[in-house]
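See below for protein_37.txt, which holds compact mmCIF, C-alpha atoms and all ligand atoms.
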```txt
# COMPACT_ATOMS: atom_id res chain seq x y z
CA MET O 1 19.82 145.90 70.22
CA SER O 2 18.77 142.88 72.30
CA ALA O 3 16.21 140.38 71.04
CA GLN O 4 13.78 141.69 73.68
CA THR O 5 13.89 145.28 72.48
CA SER O 6 14.05 144.60 68.74
CA ILE O 7 11.10 145.91 66.77
CA ARG O 8 9.32 143.67 64.29
CA ARG O 9 7.76 145.77 61.61
CA ILE O 10 5.66 144.75 58.63
CA THR O 11 7.97 144.44 55.61
CA ALA O 12 7.63 145.52 51.99
CA PRO O 13 7.46 141.87 50.75
CA GLN O 14 4.66 141.21 53.26
CA ILE O 15 2.71 144.12 51.76
CA THR O 16 3.29 142.76 48.23
CA ALA O 17 2.04 139.34 49.38
CA ARG O 18 -1.32 140.93 50.27
CA LYS O 19 -2.19 141.45 46.55
CA GLY O 20 -5.82 140.37 46.14
CA GLY O 21 -6.00 139.42 49.84
CA GLU O 22 -6.88 141.22 53.08
CA PRO O 23 -7.18 144.97 52.32
CA ILE O 24 -4.11 146.98 53.29
CA VAL O 25 -4.79 149.81 55.77
CA CYS O 26 -2.61 152.88 55.17
CA LEU O 27 -2.58 156.47 56.44
CA THR O 28 -0.15 159.36 56.28
CA ALA O 29 1.81 160.31 59.42
CA TYR O 30 4.09 163.24 60.19
CA ASP O 31 4.79 163.20 63.94
CA ALA O 32 5.60 160.71 66.70
CA PRO O 33 2.49 160.86 68.93
CA THR O 34 0.06 160.56 66.02
CA ALA O 35 2.12 157.75 64.47
CA ALA O 36 1.94 155.87 67.80
CA VAL O 37 -1.88 155.97 67.65
CA LEU O 38 -2.13 155.08 63.94
CA ASP O 39 0.37 152.23 64.30
CA GLU O 40 -2.13 150.00 66.11
CA HIS O 41 -4.48 149.86 63.11
CA CYS O 42 -2.30 150.55 60.07
CA ASP O 43 -0.20 148.19 57.97
CA LEU O 44 1.65 151.06 56.31
CA LEU O 45 2.35 154.64 57.38
CA LEU O 46 3.37 157.08 54.68
CA VAL O 47 5.38 160.13 55.62
CA GLY O 48 3.85 161.95 52.66
CA ASP O 49 5.15 165.16 51.17
CA SER O 50 1.57 166.33 51.81
CA VAL O 51 3.25 167.37 55.09
CA GLY O 52 4.13 170.58 53.25
CA MET O 53 0.46 171.44 52.85
CA VAL O 54 -1.20 170.00 55.96
CA VAL O 55 1.52 170.85 58.50
CA HIS O 56 3.64 173.64 57.02
CA GLY O 57 0.89 175.61 55.26
CA LEU O 58 2.37 175.44 51.73
CA THR O 59 -0.03 175.67 48.78
CA SER O 60 1.47 172.61 47.05
CA THR O 61 4.04 169.88 47.69
CA VAL O 62 6.55 171.45 45.31
CA GLY O 63 8.30 173.43 48.07
CA VAL O 64 8.93 170.42 50.31
CA THR O 65 12.63 169.63 50.90
CA LEU O 66 14.55 166.45 51.62
CA ASP O 67 15.49 167.80 55.07
CA MET O 68 11.80 168.30 55.92
CA MET O 69 11.03 164.72 54.89
CA ILE O 70 13.91 163.39 56.98
CA LEU O 71 12.85 165.33 60.08
CA HIS O 72 9.27 164.06 59.85
CA GLY O 73 10.45 160.54 58.93
CA GLN O 74 12.56 160.41 62.11
CA ALA O 75 9.60 161.53 64.23
CA VAL O 76 7.27 158.90 62.73
CA MET O 77 9.86 156.16 63.22
CA ARG O 78 10.04 157.09 66.93
CA GLY O 79 6.27 156.76 67.29
CA ALA O 80 5.49 153.69 65.16
CA HIS O 81 6.80 150.21 65.95
CA ARG O 82 4.72 147.87 63.86
CA ALA O 83 3.63 149.41 60.56
CA LEU O 84 5.85 149.61 57.48
CA VAL O 85 7.07 153.22 57.31
CA VAL O 86 7.50 154.72 53.83
CA VAL O 87 8.93 158.21 53.26
CA ASP O 88 8.13 160.27 50.15
CA LEU O 89 11.04 161.51 48.05
CA PRO O 90 10.17 165.17 47.45
CA PHE O 91 10.08 167.08 44.17
CA GLY O 92 13.55 167.60 42.71
CA SER O 93 15.25 164.84 44.73
CA TYR O 94 15.01 161.88 42.31
CA GLU O 95 13.96 162.87 38.77
CA ASP O 96 17.20 163.95 37.08
CA SER O 97 19.29 160.78 37.38
CA VAL O 98 19.23 157.37 39.01
CA GLN O 99 22.41 158.31 40.90
CA THR O 100 20.75 161.40 42.43
CA ALA O 101 17.74 159.27 43.33
CA PHE O 102 19.94 156.67 45.04
CA ARG O 103 21.97 159.29 46.93
CA ASN O 104 18.84 160.97 48.29
CA ALA O 105 16.84 157.78 48.91
CA SER O 106 19.76 156.17 50.77
CA ARG O 107 20.11 159.33 52.89
CA VAL O 108 16.41 159.10 53.79
CA MET O 109 16.75 155.40 54.70
CA MET O 110 19.94 155.90 56.75
CA GLU O 111 18.89 159.04 58.62
CA THR O 112 15.30 158.02 59.40
CA GLY O 113 15.52 154.22 59.66
CA CYS O 114 12.41 153.94 57.45
CA GLN O 115 11.96 150.82 55.34
CA ALA O 116 11.00 152.21 51.93
CA VAL O 117 10.56 155.35 49.84
CA LYS O 118 7.80 156.46 47.49
CA ILE O 119 8.29 158.27 44.20
CA GLU O 120 5.68 159.79 41.93
CA SER O 121 5.87 157.66 38.84
CA GLY O 122 5.68 159.14 35.38
CA SER O 123 7.16 157.24 32.45
CA TYR O 124 10.70 158.18 33.63
CA ALA O 125 10.27 156.27 36.90
CA ALA O 126 10.76 152.61 35.95
CA GLU O 127 14.52 152.98 35.48
CA THR O 128 14.82 154.73 38.86
CA ILE O 129 12.71 152.12 40.64
CA ALA O 130 14.83 149.26 39.22
CA TYR O 131 18.05 151.07 40.18
CA LEU O 132 16.93 151.66 43.78
CA VAL O 133 15.43 148.21 44.30
CA GLU O 134 18.57 146.48 42.95
CA ARG O 135 20.58 148.48 45.49
CA GLY O 136 18.43 147.57 48.49
CA ILE O 137 15.79 150.29 48.63
CA PRO O 138 12.14 149.15 48.46
CA VAL O 139 10.05 151.58 46.39
CA MET O 140 6.35 152.34 46.36
CA ALA O 141 5.19 153.89 43.08
CA HIS O 142 2.49 156.57 42.67
CA VAL O 143 0.40 156.97 39.49
CA GLY O 144 -2.67 158.95 38.38
CA LEU O 145 -2.88 162.38 39.97
CA ARG O 146 0.74 163.21 40.81
CA PRO O 147 0.68 166.33 43.03
CA GLN O 148 4.36 167.16 42.36
CA SER O 149 3.39 167.66 38.67
CA MET O 150 0.49 170.00 39.46
CA HIS O 151 2.01 172.82 37.40
CA VAL O 152 2.15 170.59 34.30
CA LEU O 153 -1.24 168.96 34.94
CA GLY O 154 -2.95 172.30 35.61
CA GLY O 155 -3.78 171.77 39.29
CA PHE O 156 -5.00 168.94 41.52
CA LYS O 157 -7.38 167.50 38.93
CA ALA O 158 -8.68 163.94 38.49
CA ARG O 159 -6.67 162.06 35.86
CA GLY O 160 -7.36 159.45 33.21
CA ARG O 161 -10.64 160.81 31.85
CA ASN O 162 -9.54 160.25 28.27
CA ALA O 163 -8.34 156.99 26.81
CA ALA O 164 -4.78 158.12 26.03
CA VAL O 165 -4.12 159.30 29.60
CA ALA O 166 -5.85 156.21 31.03
CA ASP O 167 -3.59 153.96 28.92
CA GLU O 168 -0.54 155.92 30.08
CA ILE O 169 -1.54 155.45 33.75
CA VAL O 170 -1.98 151.69 33.29
CA ALA O 171 1.37 151.54 31.45
CA ASN O 172 3.15 153.51 34.21
CA ALA O 173 1.71 151.23 36.91
CA ASN O 174 2.75 148.11 34.99
CA ALA O 175 6.23 149.50 34.31
CA ALA O 176 6.64 150.29 38.03
CA ALA O 177 5.58 146.76 38.99
CA GLU O 178 7.94 145.20 36.43
CA ALA O 179 10.76 147.42 37.70
CA GLY O 180 10.29 145.98 41.20
CA ALA O 181 8.01 148.42 43.07
CA PHE O 182 6.39 146.62 46.01
CA ALA O 183 3.06 148.52 45.76
CA VAL O 184 1.58 151.42 43.82
CA VAL O 185 -0.54 154.34 45.02
CA VAL O 186 -3.35 155.14 42.57
CA GLU O 187 -4.58 158.68 43.17
CA GLY O 188 -7.45 160.72 41.76
CA VAL O 189 -8.66 158.46 38.93
CA SER O 190 -12.13 157.12 38.10
CA GLU O 191 -13.34 154.01 39.88
CA GLU O 192 -13.34 152.17 36.55
CA LEU O 193 -9.72 153.05 35.78
CA ALA O 194 -8.57 152.18 39.31
CA ASN O 195 -10.21 148.75 38.89
CA ILE O 196 -8.47 148.28 35.52
CA VAL O 197 -5.10 149.14 37.12
CA THR O 198 -5.80 146.80 40.05
CA ASP O 199 -6.60 143.93 37.68
CA ALA O 200 -3.64 144.71 35.42
CA VAL O 201 -0.73 144.97 37.89
CA SER O 202 0.91 142.20 39.88
CA ILE O 203 1.49 144.38 42.98
CA PRO O 204 -1.05 145.83 45.44
CA THR O 205 -2.78 149.06 44.45
CA ILE O 206 -3.32 151.57 47.27
CA GLY O 207 -6.22 153.82 46.33
CA ILE O 208 -6.82 157.45 47.29
CA GLY O 209 -9.93 158.94 45.75
CA ALA O 210 -9.95 155.92 43.40
CA SER O 211 -11.89 152.70 44.09
CA ALA O 212 -12.93 150.60 47.10
CA LYS O 213 -11.72 147.59 45.09
CA CYS O 214 -8.07 148.66 45.30
CA ASP O 215 -5.92 146.27 47.34
CA GLY O 216 -5.60 148.92 50.07
CA GLN O 217 -6.59 152.50 50.87
CA ILE O 218 -4.76 155.58 52.06
CA LEU O 219 -5.97 159.00 53.20
CA VAL O 220 -4.21 162.12 54.38
CA THR O 221 -4.70 161.73 58.14
CA PRO O 222 -5.56 165.36 59.07
CA ASP O 223 -8.22 165.30 56.31
CA MET O 224 -9.91 162.14 57.63
CA LEU O 225 -9.67 163.36 61.24
CA GLY O 226 -11.60 166.50 60.31
CA GLN O 227 -8.78 168.92 61.01
CA PHE O 228 -9.74 171.15 58.08
CA ALA O 229 -13.02 172.80 57.10
CA ARG O 230 -12.42 171.94 53.41
CA VAL O 231 -11.16 168.54 52.28
CA PRO O 232 -11.18 166.77 48.90
CA LYS O 233 -14.69 165.57 47.94
CA PHE O 234 -13.86 161.87 48.24
CA VAL O 235 -12.66 162.14 51.87
CA LYS O 236 -14.96 160.82 54.59
CA LYS O 237 -14.34 162.72 57.84
CA TYR O 238 -14.04 160.13 60.61
CA GLY O 239 -13.41 162.78 63.27
CA ALA O 240 -14.16 166.41 64.10
CA GLN O 241 -10.74 167.63 65.20
CA LEU O 242 -11.23 171.19 64.02
CA ASP O 243 -14.37 171.58 66.16
CA ALA O 244 -12.76 169.81 69.13
CA THR O 245 -9.71 172.11 68.94
CA ARG O 246 -11.85 175.25 68.62
CA ASP O 247 -14.02 174.21 71.60
CA ALA O 248 -10.99 173.35 73.76
CA VAL O 249 -9.17 176.62 72.99
CA ALA O 250 -12.34 178.67 73.59
CA GLN O 251 -12.79 176.96 76.97
CA TYR O 252 -9.13 177.55 77.85
CA ALA O 253 -9.37 181.25 76.92
CA ALA O 254 -12.54 181.57 79.06
CA ASP O 255 -10.81 179.90 82.04
CA VAL O 256 -7.82 182.24 81.74
CA LYS O 257 -10.10 185.29 81.61
CA ASP O 258 -12.20 184.02 84.57
CA ARG O 259 -8.98 183.56 86.57
CA THR O 260 -9.89 179.87 87.03
CA PHE O 261 -6.11 179.36 87.23
CA PRO O 262 -3.86 178.27 88.93
CA THR O 263 -5.06 174.66 88.78
CA GLU O 264 -4.89 172.18 91.66
CA ALA O 265 -1.61 170.84 90.28
CA ASN O 266 -0.03 174.30 90.22
CA LEU O 267 -1.17 174.98 93.82
CA TYR O 268 0.44 171.72 94.92
CA ARG O 269 3.74 172.79 93.29
CA PHE O 270 3.63 176.13 95.09
CA LYS O 271 2.98 174.41 98.44
CA SER O 272 5.97 172.07 98.12
CA PHE O 273 8.13 175.01 97.01
CA ASP O 274 7.23 176.94 100.22
CA SER O 275 7.78 174.02 102.60
O1 LIG U 301 1.96 162.94 50.11
C1 LIG U 301 1.00 162.20 50.36
O2 LIG U 301 0.35 162.29 51.41
C2 LIG U 301 0.65 161.19 49.38
C3 LIG U 301 -0.64 160.46 49.58
C4 LIG U 301 -1.74 161.36 49.19
C5 LIG U 301 -0.69 159.18 48.86
O3 LIG U 301 1.36 160.98 48.45
```
Could you write out this structure as structure tokens?
Ligand code: KIV
Amino acid sequence: MSAQTSIRRITAPQITARKGGEPIVCLTAYDAPTAAVLDEHCDLLLVGDSVGMVVHGLTSTVGVTLDMMILHGQAVMRGAHRALVVVDLPFGSYEDSVQTAFRNASRVMMETGCQAVKIESGSYAAETIAYLVERGIPVMAHVGLRPQSMHVLGGFKARGRNAAVADEIVANANAAAEAGAFAVVVEGVSEELANIVTDAVSIPTIGIGASAKCDGQILVTPDMLGQFARVPKFVKKYGAQLDATRDAVAQYAADVKDRTFPTEANLYRFKSFDS
């Protein structure tokens, strides 16, 4: 690649250096054209395993596969040229051994060209994070509500409402930071607990349904764009995509039924075909 065409993306160490500084803007991305639009404003794009729910219609992230993550990771890398791109390791791809985690994480890095992976971080995660980071794979941790554990946790419920669980979440975040994670997502915990985690850890916290005082924020992009009628309570809808899509499709269907077609462009094609 020549110097002129090389792409300079934000790096994992640059994200870590933002601890306590300018808030880090993050969103999820799953396809190239959307990633191209988000890239202008985002420091970090996460190819989240939420793709299973918001794109593929699954009821949880548990059914998401490594191949799905790689396909969406490749698409996002084609669309985004500036933001740091992080790809989620899906359920079952990293928990059983550090070797399995490295094999799958390295496959994701090599086949997508992304710059980091994210793993949901229970107490087992510190060893995995250290193993991956030592071998050249930047890792973002994820504590609090961990959607891949929804069957153990009893659903997508807020976490850390009792002291023992709150302590465990702070301990997991600290262990991830000490193991070398470059940032940590804090999902679905009280504002107070998110602030405690943010004060306690040396790396940036990226909040989702947590606290405005986190070092950065992330949302599931289709949720914030208003693509769904129902979204989690904490999500502010910045767009009305569902209504816009409904209106556009209704207008299209009316045009087809009114025989408003063919359009000018189609007529032009027919003319040049005849001549
Ligand atoms: O999969 C995902 O989109 C995530 C975010 C909610 C942080 O993990």
Counting only C-alpha atoms, which residues of segment 146-192 of chain O fall within 12 Å of segment 100-116 of chain O, and what is the closest atom pair for each with its distance in Å at one decimal, ordered by chain and rising number, as a tab-separated table?
```
residue	atom	partner	partner_atom	distance
O:Ala181	CA	O:Ala116	CA	10.1
O:Phe182	CA	O:Ala116	CA	9.4
O:Ala183	CA	O:Ala116	CA	10.7
```
Taking all atoms listed in the file into account, which residues are within 6 Å of ligand LIG 301 (chain U), as a PDB file with C-alpha atoms, keeping the file's coordinate frame?
```
ATOM      1  CA  THR O  28      -0.150 159.360  56.280  1.00  0.00           C
ATOM      2  CA  GLY O  48       3.850 161.950  52.660  1.00  0.00           C
ATOM      3  CA  ASP O  49       5.150 165.160  51.170  1.00  0.00           C
ATOM      4  CA  SER O  50       1.570 166.330  51.810  1.00  0.00           C
ATOM      5  CA  VAL O 220      -4.210 162.120  54.380  1.00  0.00           C
TER       6      VAL O 220
END
```
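With distances taken over all atoms listed in the file, O:Val231 is the one residue among O:Met150, O:Leu145, O:Leu71, O:Val231 lying closest to Val54 of chain O.
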From the options O:Val143, O:Val117, O:Ala12, O:Ala229, which residue's atoms come nearest to Leu193 of chain O, counting only C-alpha atoms?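 Looking only at the distances to Leu193 of chain O, the closest residue turns out to be O:Val143.
Interatomic distance, atom CA of Gln14 of chain O to atom CA of Pro204 of chain O: 10.7 Å.
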List every protein, DNA or RNA residue that has an atom no more than 10 Å from (2.3, 154.6, 32.2) in the file's coordinate frame, counting all atoms listed in the file, and report them as JSON, numbers by chain. {"O": [121, 122, 123, 124, 125, 126, 143, 144, 165, 166, 167, 168, 169, 170, 171, 172, 173, 174, 175, 176]}
Contacts of Arg146 of chain O within 12 Å, all atoms listed in the file, excl. fewer than 5 positions in-chain, as a PyMOL selection string: chain O and resi 49-50+60-62+90-91+118-122+141+151-160+169+172+185-189+208
Restricting the calculation to all atoms listed in the file, which member of O:His41, O:His142, O:Arg82, O:Arg246 is positioned closest to Phe228 of chain O?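 Smallest separation from Phe228 of chain O among the options: O:Arg246.
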Nearest-residue call for Lys233 of chain O, choices O:Val133, O:Ile15, O:Met68, O:Ala210, using all atoms listed in the file: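 Once distances to Lys233 of chain O are computed over all atoms listed in the file, the minimum belongs to O:Ala210.
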Two-atom distance - atom CA of Val201 of chain O, atom CA of Leu84 of chain O (Å): 21.2 Å
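Atom CA of Ile129 of chain O sits 26.9 Å away from atom CA of Ile7 of chain O.
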What's the 12 Å shell around Asp31 of chain O, counting all atoms listed in the file, without same-chain residues fewer than 2 positions away, as number ranges by chain? O: 28-29, 33-39, 45-48, 51, 55, 68-80, 221-222
Residue with smallest distance to Gly52 of chain O - pool O:Tyr252, O:Phe234, O:Tyr94, O:Tyr30, counting only C-alpha atoms: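 Smallest distance to Gly52 of chain O is found for O:Tyr30.
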Rank O:Val98, O:Ala248, O:Val184, O:Val139 by their smallest atom-to-atom distance to Gly207 of chain O, using only C-alpha atoms, and report the top residue only.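 That would be O:Val184, the residue with the smallest distance to Gly207 of chain O.
A distance cut-off of 6 Å around (5.7, 144.5, 37.7), counting all atoms listed in the file, selects these protein and nucleic acid residues: Asn174, Ala176, Ala177, Glu178, Ala179, Gly180 and Ser202 of chain O.
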